[in-house]
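So this one's coords-v2.cif, mmCIF, C-alpha atoms:
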```cif
data_model
#
loop_
_atom_site.label_atom_id
_atom_site.label_comp_id
_atom_site.auth_asym_id
_atom_site.auth_seq_id
_atom_site.Cartn_x
_atom_site.Cartn_y
_atom_site.Cartn_z
CA MET K 8 153.65 126.47 203.61
CA SER K 9 152.97 126.27 207.35
CA ALA K 10 151.01 123.49 209.01
CA ILE K 11 148.02 125.81 209.32
CA ASP K 12 148.31 126.70 205.65
CA THR K 13 148.35 123.02 204.81
CA ILE K 14 145.17 122.43 206.79
CA ASN K 15 143.49 125.46 205.26
CA ALA K 16 144.51 124.41 201.78
CA GLY K 17 143.13 120.96 202.46
CA LEU K 18 139.87 122.30 203.81
CA ALA K 19 139.53 124.72 200.92
CA ALA K 20 140.02 121.84 198.53
CA GLY K 21 137.38 119.88 200.39
CA CYS K 22 139.72 117.05 201.28
CA VAL K 23 140.84 115.56 204.55
CA VAL K 24 144.37 116.39 205.53
CA SER K 25 146.02 113.53 207.36
CA ASP K 26 148.24 114.10 210.35
CA THR K 27 151.29 112.95 208.47
CA GLN K 28 150.81 115.64 205.88
CA LEU K 29 151.53 118.14 208.60
CA PHE K 30 155.02 116.79 208.96
CA LYS K 31 156.62 118.33 206.00
CA ASN K 32 160.26 117.84 206.64
CA ALA K 33 162.75 115.48 208.14
CA LEU K 34 166.41 115.36 208.94
CA ILE K 35 168.33 112.13 208.44
CA VAL K 36 171.37 111.69 210.65
CA SER K 37 173.77 108.87 209.83
CA GLU K 38 177.44 108.47 209.13
CA VAL K 39 176.61 106.10 206.29
CA ARG K 40 176.17 108.02 203.06
CA PHE K 41 174.39 105.19 201.29
CA LEU K 42 171.77 105.03 204.05
CA ARG K 43 171.25 108.78 204.02
CA ASP K 44 170.96 109.10 200.27
CA SER K 45 168.71 106.12 199.75
CA LEU K 46 166.44 106.99 202.69
CA VAL K 47 166.10 110.54 201.38
CA ALA K 48 165.12 109.20 197.97
CA ILE K 49 162.67 106.66 199.35
CA LEU K 50 161.03 108.88 201.96
CA GLN K 51 160.55 111.69 199.48
CA GLY K 52 159.05 109.31 197.00
CA GLU K 53 156.92 107.19 199.30
CA THR K 54 155.72 109.43 202.13
CA SER K 55 154.35 112.85 202.74
CA LEU K 56 157.62 113.75 204.39
CA GLY K 57 159.79 116.13 202.48
CA VAL K 58 163.32 115.44 203.57
CA CYS K 59 164.88 118.77 204.22
CA ALA K 60 168.35 117.75 205.15
CA GLN K 61 170.78 115.01 205.94
CA ALA K 62 173.78 115.09 208.22
CA ALA K 63 176.83 112.90 208.66
CA THR K 64 178.08 114.48 211.86
CA LEU K 65 176.52 115.91 214.99
CA GLU K 66 177.80 119.36 214.05
CA GLU K 67 176.13 119.13 210.65
CA ALA K 68 172.96 117.88 212.27
CA VAL K 69 172.82 120.78 214.71
CA VAL K 70 173.47 123.36 211.98
CA SER K 71 170.84 121.80 209.69
CA ALA K 72 168.38 121.46 212.52
CA LYS K 73 168.74 125.07 213.58
CA ALA K 74 168.16 126.21 210.03
CA SER K 75 165.21 124.01 209.16
CA GLN K 76 163.62 122.93 212.47
CA PRO K 77 162.61 119.53 211.08
CA ALA K 78 159.44 117.89 212.34
CA VAL K 79 161.15 114.52 212.40
CA VAL K 80 164.76 113.47 212.91
CA LEU K 81 165.69 109.98 211.80
CA LEU K 82 168.76 109.06 213.79
CA ASP K 83 170.89 106.02 212.94
CA VAL K 84 171.56 104.20 216.22
CA ALA K 85 175.05 103.40 215.00
CA PHE K 86 175.79 107.12 215.05
CA PRO K 87 178.78 107.95 217.27
CA GLY K 88 177.68 109.05 220.71
CA GLY K 89 174.87 106.58 221.00
CA THR K 90 171.98 107.71 223.15
CA LYS K 91 173.87 110.83 224.17
CA THR K 92 173.27 112.20 220.68
CA VAL K 93 169.54 112.30 221.39
CA ALA K 94 170.02 114.66 224.31
CA GLN K 95 172.34 116.84 222.27
CA LEU K 96 169.85 117.05 219.43
CA ARG K 97 166.98 117.74 221.77
CA CYS K 98 168.76 120.80 223.09
CA THR K 99 168.51 122.25 219.58
CA LEU K 100 165.28 120.65 218.46
CA LEU K 101 162.68 121.21 221.11
CA GLN K 102 159.72 120.55 218.80
CA SER K 103 161.15 117.74 216.67
CA LYS K 104 160.35 114.07 217.08
CA ILE K 105 163.55 112.06 217.18
CA ILE K 106 163.18 108.56 215.76
CA ALA K 107 166.04 106.12 216.28
CA PHE K 108 166.35 103.53 213.54
CA GLY K 109 168.26 100.27 213.61
CA ILE K 110 167.61 99.56 217.30
CA ARG K 111 168.11 96.03 218.59
CA GLU K 112 164.66 95.33 219.93
CA THR K 113 165.70 94.16 223.37
CA GLU K 114 164.22 95.66 226.50
CA GLU K 115 167.57 97.12 227.54
CA HIS K 116 168.19 98.87 224.27
CA VAL K 117 164.68 100.18 223.72
CA LEU K 118 164.44 101.45 227.29
CA ALA K 119 167.83 103.11 227.12
CA TRP K 120 166.86 104.96 223.94
CA ALA K 121 163.43 105.80 225.34
CA GLU K 122 165.02 107.28 228.43
CA ALA K 123 167.34 109.27 226.22
CA GLY K 124 164.28 111.01 224.81
CA ILE K 125 163.33 109.49 221.48
CA ALA K 126 159.74 109.81 220.28
CA GLY K 127 159.86 106.37 218.72
CA TYR K 128 162.07 103.74 217.17
CA VAL K 129 162.45 101.53 214.14
CA PRO K 130 163.93 98.10 214.96
CA ASN K 131 166.88 96.65 213.07
CA THR K 132 164.61 93.94 211.70
CA ALA K 133 162.40 96.45 209.91
CA SER K 134 162.07 96.49 206.15
CA VAL K 135 161.80 99.69 204.14
CA GLU K 136 158.02 99.37 204.21
CA ASP K 137 158.08 98.91 207.99
CA LEU K 138 160.30 101.96 208.35
CA ILE K 139 157.96 104.13 206.29
CA SER K 140 154.95 102.92 208.21
CA LEU K 141 156.63 103.42 211.59
CA VAL K 142 157.86 106.91 210.72
CA GLU K 143 154.32 107.90 209.82
CA GLN K 144 152.95 106.27 212.98
CA ILE K 145 155.49 107.96 215.21
CA SER K 146 154.78 111.27 213.52
CA ARG K 147 151.21 110.84 214.71
CA GLY K 148 152.43 110.09 218.23
CA GLU K 149 152.02 106.32 217.94
CA GLN K 150 154.44 103.41 218.22
CA SER K 151 153.97 99.75 217.41
CA CYS K 152 156.10 97.50 219.55
CA PRO K 153 156.10 93.95 220.91
CA SER K 154 154.05 93.43 224.05
CA ARG K 155 157.13 92.57 226.09
CA ILE K 156 158.59 96.00 225.29
CA ALA K 157 155.30 97.69 226.18
CA GLY K 158 155.31 95.72 229.44
CA SER K 159 158.83 96.87 230.25
CA LEU K 160 157.93 100.48 229.59
CA LEU K 161 154.90 100.20 231.89
CA ARG K 162 156.99 98.60 234.62
CA ARG K 163 159.57 101.33 234.26
CA ILE K 164 156.93 104.03 234.60
CA ALA K 165 155.34 102.23 237.53
CA SER K 166 158.68 102.13 239.30
CA GLY K 167 158.90 105.89 238.91
CA GLY K 168 161.75 105.63 236.47
CA ARG K 169 163.89 104.12 239.21
CA ARG K 170 166.20 102.53 236.74
CA ALA K 171 166.53 105.80 234.89
CA THR K 172 167.99 107.34 238.00
CA LEU K 173 170.28 104.37 238.38
CA GLN K 174 171.77 104.94 234.98
CA PRO K 175 174.38 107.64 234.57
CA GLU K 176 172.75 110.84 233.43
CA SER K 177 175.79 111.89 231.46
CA THR K 178 173.83 114.72 229.88
CA ALA K 179 173.48 116.33 233.27
CA LEU K 180 177.21 116.16 233.79
CA THR K 181 179.58 118.79 232.56
CA ARG K 182 182.30 117.71 230.16
CA ARG K 183 184.84 117.89 232.95
CA GLU K 184 182.65 115.78 235.24
CA SER K 185 182.23 113.19 232.47
CA GLU K 186 185.99 113.08 232.05
CA ILE K 187 186.44 112.62 235.76
CA MET K 188 183.76 109.93 235.82
CA ARG K 189 185.78 107.95 233.28
CA LEU K 190 188.93 108.29 235.33
CA VAL K 191 187.15 107.35 238.55
CA THR K 192 185.72 104.33 236.76
CA ALA K 193 189.22 103.41 235.63
CA GLY K 194 190.32 103.40 239.27
CA TYR K 195 192.25 106.70 239.36
CA SER K 196 192.70 108.37 242.76
CA ASN K 197 191.92 112.08 243.18
CA LYS K 198 195.62 112.79 243.09
CA ASP K 199 196.03 110.82 239.84
CA ILE K 200 193.05 112.60 238.31
CA ALA K 201 194.44 116.00 239.29
CA ARG K 202 197.77 115.11 237.70
CA GLN K 203 196.15 113.67 234.59
CA LEU K 204 193.88 116.67 234.01
CA ARG K 205 196.41 119.22 235.29
CA ILE K 206 194.03 120.69 237.83
CA SER K 207 194.43 121.18 241.56
CA LEU K 208 193.58 118.48 244.05
CA GLY K 209 190.95 120.73 245.58
CA THR K 210 189.26 121.27 242.23
CA THR K 211 189.33 117.55 241.58
CA LYS K 212 187.68 116.83 244.93
CA SER K 213 185.03 119.42 244.16
CA HIS K 214 184.29 117.82 240.77
CA VAL K 215 184.11 114.36 242.30
CA HIS K 216 181.78 115.65 245.00
CA ASN K 217 179.48 117.22 242.38
CA LEU K 218 179.65 114.09 240.27
CA LEU K 219 178.57 111.89 243.16
CA GLY K 220 175.77 114.29 243.98
CA LYS K 221 174.43 114.31 240.42
CA LEU K 222 174.53 110.54 240.28
CA SER K 223 172.98 110.23 243.75
CA LEU K 224 175.90 108.10 244.88
CA ARG K 225 177.85 108.18 248.09
CA ARG K 226 181.21 106.70 247.21
CA ARG K 227 183.50 106.65 244.18
CA THR K 228 183.39 102.86 244.26
CA ASP K 229 179.65 103.18 243.58
CA VAL K 230 180.51 105.09 240.40
CA MET K 231 182.83 102.29 239.34
CA ALA K 232 180.23 99.65 240.09
CA ARG K 233 177.54 101.46 238.18
CA MET K 234 179.65 102.18 235.11
CA HIS K 235 180.93 98.62 234.98
CA GLY K 236 177.33 97.47 235.22
CA VAL K 237 176.32 99.72 232.35
CA ARG K 238 179.14 98.45 230.15
CA HIS K 239 178.31 94.91 231.06
CA GLU K 240 174.87 95.47 229.58
CA GLY K 241 176.47 96.59 226.35
CA ILE K 242 174.60 99.86 226.20
CA ASP K 243 176.53 102.75 224.74
CA PHE K 244 175.58 105.76 226.81
CA ASP K 245 178.40 108.00 225.93
CA GLY K 246 179.82 106.80 222.68
CA SER K 247 183.01 105.50 224.22
CA MET F 26 164.06 89.53 179.81
CA ARG F 27 167.15 88.03 181.37
CA GLU F 28 167.16 87.85 185.15
CA LEU F 29 170.26 88.28 187.23
CA ARG F 30 169.52 85.76 189.96
CA THR F 31 170.82 87.35 193.12
CA VAL F 32 171.31 86.02 196.64
CA LEU F 33 171.75 88.39 199.58
CA VAL F 34 173.78 87.06 202.49
CA MET F 35 173.78 88.67 205.94
CA VAL F 36 172.02 91.75 204.61
CA SER F 37 169.55 93.42 206.97
CA PRO F 38 165.91 93.78 205.85
CA LEU F 39 166.33 97.54 205.57
CA LEU F 40 169.46 97.24 203.45
CA THR F 41 167.74 94.63 201.30
CA GLY F 42 164.98 97.14 200.62
CA LEU F 43 167.49 99.83 199.75
CA ILE F 44 169.27 97.52 197.31
CA GLN F 45 165.93 96.64 195.77
CA TYR F 46 165.19 100.33 195.47
CA VAL F 47 168.45 100.84 193.58
CA ALA F 48 167.69 97.87 191.34
CA GLU F 49 164.12 98.91 190.56
CA SER F 50 164.35 102.68 190.43
CA ARG F 51 167.80 103.56 189.19
CA ILE F 52 169.02 100.84 186.87
CA ARG F 53 168.02 101.25 183.25
CA GLN F 54 168.77 97.99 181.47
CA PRO F 55 166.19 97.04 178.85
CA HIS F 56 167.20 93.41 178.55
CA ALA F 57 168.10 92.34 182.07
CA ARG F 58 166.96 92.93 185.59
CA LEU F 59 168.16 92.07 189.06
CA SER F 60 166.01 89.48 190.77
CA ILE F 61 166.54 88.67 194.44
CA ILE F 62 165.91 84.94 194.76
CA ALA F 63 166.96 84.47 198.39
CA GLU F 64 168.03 86.27 201.53
CA ILE F 65 170.27 84.16 203.72
CA SER F 66 171.11 85.06 207.29
CA ASP F 67 172.32 81.69 208.51
CA LEU F 68 175.83 80.95 207.33
CA GLU F 69 175.84 77.34 208.47
CA HIS F 70 174.37 75.90 205.28
CA LEU F 71 175.50 78.69 202.99
CA PRO F 72 177.82 76.65 200.71
CA ARG F 73 175.16 73.97 200.12
CA GLU F 74 172.44 76.57 199.53
CA LEU F 75 174.56 78.48 197.05
CA ARG F 76 175.48 75.26 195.22
CA GLU F 77 171.79 74.41 194.89
CA MET F 78 170.61 77.88 193.90
CA LYS F 79 173.41 78.62 191.43
CA PRO F 80 172.99 82.40 191.65
CA ASP F 81 174.50 84.84 189.18
CA LEU F 82 175.31 87.35 191.88
CA VAL F 83 175.91 87.11 195.62
CA ILE F 84 175.84 90.29 197.71
CA PHE F 85 177.30 90.05 201.19
CA GLY F 86 176.38 92.44 203.95
CA PRO F 87 178.94 92.84 206.69
CA ALA F 88 180.11 89.23 206.39
CA SER F 89 183.05 87.28 207.65
CA ASP F 90 185.98 86.33 205.46
CA ALA F 91 185.13 82.71 206.05
CA ALA F 92 181.65 83.22 204.65
CA GLN F 93 183.05 84.89 201.57
CA ARG F 94 185.53 82.10 200.97
CA ALA F 95 182.77 79.56 201.37
CA ALA F 96 180.59 81.44 198.92
CA ALA F 97 183.37 81.82 196.40
CA SER F 98 183.99 78.09 196.33
CA ALA F 99 180.33 77.11 196.38
CA ALA F 100 179.16 79.50 193.71
CA ALA F 101 182.17 79.62 191.50
CA ARG F 102 180.43 81.21 188.53
CA ALA F 103 178.64 83.85 190.58
CA ARG F 104 179.92 87.37 190.85
CA VAL F 105 180.39 88.49 194.44
CA LEU F 106 179.87 91.98 195.86
CA THR F 107 180.66 92.69 199.49
CA LEU F 108 179.44 95.67 201.49
CA SER F 109 182.01 96.65 204.07
CA GLU F 110 181.36 96.41 207.79
CA ASN F 111 180.62 100.13 208.19
CA LEU F 112 178.78 100.31 204.86
CA SER F 113 181.31 102.78 203.53
CA SER F 114 182.59 100.64 200.65
CA VAL F 115 181.51 98.12 198.07
CA LEU F 116 184.06 95.50 197.07
CA GLY F 117 184.04 93.27 194.00
CA PRO F 118 183.33 91.66 191.71
CA GLY F 119 187.04 91.82 190.83
CA PRO F 120 189.56 91.39 193.62
CA ASP F 121 190.78 94.95 193.19
CA ASP F 122 187.38 96.57 192.73
CA VAL F 123 186.79 98.83 195.72
CA ASP F 124 184.57 101.88 195.70
CA SER F 125 182.81 104.13 198.17
CA LEU F 126 179.30 102.82 198.69
CA THR F 127 176.90 105.40 197.32
CA LEU F 128 173.68 105.23 195.37
CA ASP F 129 175.62 106.06 192.22
CA THR F 130 178.44 103.56 192.67
CA LEU F 131 176.08 100.71 193.57
CA THR F 132 173.85 101.59 190.63
CA LYS F 133 176.85 101.56 188.30
CA ARG F 134 178.27 98.36 189.74
CA LEU F 135 174.97 96.53 189.33
CA SER F 136 174.37 98.04 185.89
CA ASP F 137 177.80 96.86 184.73
CA ILE F 138 177.12 93.35 185.98
CA LEU F 139 173.72 93.30 184.27
CA GLN F 140 175.30 94.58 181.07
CA GLU F 141 177.81 91.75 181.10
CA THR F 142 175.21 89.04 181.57
#
```
Since I need it in another form, could you write the structure as structure tokens?
Amino acid sequence: MSAIDTINAGLAAGCVVSDTQLFKNALIVSEVRFLRDSLVAILQGETSLGVCAQAATLEEAVVSAKASQPAVVLLDVAFPGGTKTVAQLRCTLLQSKIIAFGIRETEEHVLAWAEAGIAGYVPNTASVEDLISLVEQISRGEQSCPSRIAGSLLRRIASGGRRATLQPESTALTRRESEIMRLVTAGYSNKDIARQLRISLGTTKSHVHNLLGKLSLRRRTDVMARMHGVRHEGIDFDGS
Amino acid sequence: MRELRTVLVMVSPLLTGLIQYVAESRIRQPHARLSIIAEISDLEHLPRELREMKPDLVIFGPASDAAQRAAASAAARARVLTLSENLSSVLGPGPDDVDSLTLDTLTKRLSDILQET
């Protein structure tokens, strides 16, 4: 039954159809089988969500998502790839709300996941009841969060997402550019990179040039500084 | 009805809820039930707390070896289950008991312990 059918059925029956009833399916993405299975059982029993699928790998998630176009994706933040997974899922799931669960509720972590494109999050201190309530809230386009997190989000918006542009936009990089970024960060020279990747020096220079342009940086040492800064913060942007 | 007095150590609130779900929805034991009497996240006083509470079962989330040793000595008569770091396995109560952590295996493990009590 489509969302419109649900509304019509509700109206025909003379009852009010809540927003959450429109969200009929969800996809749970986690490597941990116990989490997937028990969340499926609980969400199906306790909410209006009908869990359509679960996935243990990104490949499974993409296949399931393409087939079922879930309204909500519950993504375990421990999933390999970290925030990068969100961008990969969003390429497939343009209409789905991605909810990250298990987030450490620090400003750095919440902002990093927000910038990655989640619709909402469930902190790692949440109980099952909290999770259910938050999933329903986020499905309605809402999000409860501590005032300090709200403040950080406002400051970030006010600054025009300046920090977002300071962080590596690895999703905008090609796979080759990401590889080269790692090698640059590790201190490799262009010649070393060319040898390592078995490409010409000219091609390497071209990739490095594009990489710097995409990151709005001038020198390779800036790439190193930024990536070391990111790692220092303990945020996993690329799953490495 | 007999209660299996259970202490959870270093188990996240979400995981606690999932264990409770297993205990309440999937275990069919007419004469015994799992009862969570405490959730401990501070290991500093763990041995003393376990000695005082005298639980029947201790379930460790991703816990350190030191914490497990402390628990084993402080709650000698308690059975101990440990959930592995990546939540892929459940270990215990016997030293050689290792299983994949699934709804079914946890249900069976808890049912067996309840049956024995």
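Using all atoms listed in the file for every distance, the candidate list F:Glu64, F:Asp121, F:Glu110, F:Glu141 yields F:Glu110 as the residue closest to Ala85 in chain K.
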*Any idea what's packed within 12 Å of range 193-200 of chain K, counting all atoms listed in the file, ignoring anything in its chain fewer than 2 positions away? Could you give it as a PyMOL selection string?*
chain K and resi 183-184+186-191+202-216+227-232+234-235
*asked:* What are the residues of chain K lining chain F at 7 Å or less? Count all atoms listed in the file, and put the answer as a ChimeraX atom specification.
replied: /K:39-41,44-45,132-135
_Between CA of Gln144 in chain K and CA of Gly127 in chain K, what is the distance in Å, rounded to a tenth?_
9.0 Å
*Select, counting only C-alpha atoms, all protein, DNA and RNA residues no farther than 12 Å from (160.3, 110.7, 199.9) in file coordinates, and express the selection as a ChimeraX atom specification.*
/K:31-35,43-60,135,139,142-143
*Kindly extract all protein, DNA and RNA residues lying within 10 Å of the coordinates (177.3, 82.0, 196.1) given in the file, considering all atoms listed in the file, and supply them as JSON, numbers by chain.*
{"F": [31, 32, 33, 34, 71, 72, 73, 74, 75, 76, 77, 78, 79, 80, 81, 82, 83, 84, 85, 92, 93, 94, 95, 96, 97, 98, 99, 100, 101, 102, 103, 104, 105]}
*asked:* Using Å and a single decimal, report how far CA of Arg53 in chain F sits from CA of Asp124 in chain F.
replied: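 Computing the Euclidean distance for CA of Asp124 in chain F and CA of Arg53 in chain F yields 20.7 Å.
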*Within 7 Å of Arg58 in chain F, counting only C-alpha atoms, which residues show up once you throw out same-chain ones fewer than 6 positions away? Write them as an MDAnalysis selection string, please.*
chainID F and resid 27:29 139
*asked:* To one decimal place in Å, what is the distance between CA of Ile106 in chain K and CA of Ala126 in chain K?
replied: 5.8 Å
*Leaving out Ser103 in chain K and any residue of its chain fewer than 3 positions from it, which residues lie within 10 Å of it when counting all atoms listed in the file, given as a list in words?*
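So, after excluding close chain neighbours, the residues are Phe30, Ala33, Leu34, Ala72, Gln76, Pro77, Ala78, Val79, Val80, Leu96, Arg97, Thr99, Leu100, Ile106, Ile125, Ala126 and Ser146 of chain K.
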How would the residues just picked look written out with C-alpha atoms as an mmCIF file, keeping the file's coordinate frame?
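Contents of selection32.cif, freshly written:
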```
data_model
loop_
_atom_site.group_PDB
_atom_site.id
_atom_site.type_symbol
_atom_site.label_atom_id
_atom_site.label_comp_id
_atom_site.auth_asym_id
_atom_site.auth_seq_id
_atom_site.Cartn_x
_atom_site.Cartn_y
_atom_site.Cartn_z
ATOM 1 C CA PHE K 30 155.020 116.790 208.960
ATOM 2 C CA ALA K 33 162.750 115.480 208.140
ATOM 3 C CA LEU K 34 166.410 115.360 208.940
ATOM 4 C CA ALA K 72 168.380 121.460 212.520
ATOM 5 C CA GLN K 76 163.620 122.930 212.470
ATOM 6 C CA PRO K 77 162.610 119.530 211.080
ATOM 7 C CA ALA K 78 159.440 117.890 212.340
ATOM 8 C CA VAL K 79 161.150 114.520 212.400
ATOM 9 C CA VAL K 80 164.760 113.470 212.910
ATOM 10 C CA LEU K 96 169.850 117.050 219.430
ATOM 11 C CA ARG K 97 166.980 117.740 221.770
ATOM 12 C CA THR K 99 168.510 122.250 219.580
ATOM 13 C CA LEU K 100 165.280 120.650 218.460
ATOM 14 C CA ILE K 106 163.180 108.560 215.760
ATOM 15 C CA ILE K 125 163.330 109.490 221.480
ATOM 16 C CA ALA K 126 159.740 109.810 220.280
ATOM 17 C CA SER K 146 154.780 111.270 213.520
#
```
Can you list, as a compact mmCIF listing (two decimals) with C-alpha atoms, keeping the file's coordinate frame, every protein, DNA or RNA residue that comes within 7 Å of Ile110 in chain K when you count only C-alpha atoms, leaving out same-chain residues fewer than 3 positions away?
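Saved as around25.txt:
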```txt
# COMPACT_ATOMS: atom_id res chain seq x y z
CA VAL K 84 171.56 104.20 216.22
CA ALA K 107 166.04 106.12 216.28
CA TYR K 128 162.07 103.74 217.17
CA VAL K 129 162.45 101.53 214.14
CA PRO K 130 163.93 98.10 214.96
CA ASN K 131 166.88 96.65 213.07
```
I'd like the neighbourhood of range 93-95 of chain K as a PDB file with C-alpha atoms, keeping the file's coordinate frame, where a residue qualifies if any of its atoms comes within 9 Å (using only C-alpha atoms), though same-chain residues fewer than 4 positions away should be ignored.
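For reference, part.pdb as written:
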```
ATOM      1  CA  LEU K  65     176.520 115.910 214.990  1.00  0.00           C
ATOM      2  CA  VAL K  69     172.820 120.780 214.710  1.00  0.00           C
ATOM      3  CA  LEU K  82     168.760 109.060 213.790  1.00  0.00           C
ATOM      4  CA  GLY K  88     177.680 109.050 220.710  1.00  0.00           C
ATOM      5  CA  GLY K  89     174.870 106.580 221.000  1.00  0.00           C
ATOM      6  CA  THR K  99     168.510 122.250 219.580  1.00  0.00           C
ATOM      7  CA  LEU K 100     165.280 120.650 218.460  1.00  0.00           C
ATOM      8  CA  ILE K 105     163.550 112.060 217.180  1.00  0.00           C
ATOM      9  CA  ALA K 107     166.040 106.120 216.280  1.00  0.00           C
ATOM     10  CA  TRP K 120     166.860 104.960 223.940  1.00  0.00           C
ATOM     11  CA  ALA K 123     167.340 109.270 226.220  1.00  0.00           C
ATOM     12  CA  GLY K 124     164.280 111.010 224.810  1.00  0.00           C
ATOM     13  CA  ILE K 125     163.330 109.490 221.480  1.00  0.00           C
ATOM     14  CA  THR K 178     173.830 114.720 229.880  1.00  0.00           C
TER      15      THR K 178
END
```
*asked:* When you count all atoms listed in the file, which of these residues is closest to Leu108 in chain F: F:Met35, F:Ile138, F:Ala48, F:Ile65?
replied: F:Met35
_Counting all atoms listed in the file, which residue out of F:Leu106, F:Pro118, F:Leu135, F:Gly86 sits closest to Leu68 in chain F?_
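Ranked by minimum distance to Leu68 in chain F, first place goes to F:Gly86.
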*Looking at all atoms listed in the file, which of K:Val117, K:Cys98, K:Ala68, K:Ala201 is the one that sits closest to Ala157 in chain K?*
K:Val117
*Using only C-alpha atoms, which of F:Gly117, F:Ala57, F:Thr132, F:Ala63 sits nearest Val36 in chain F?*
F:Ala63
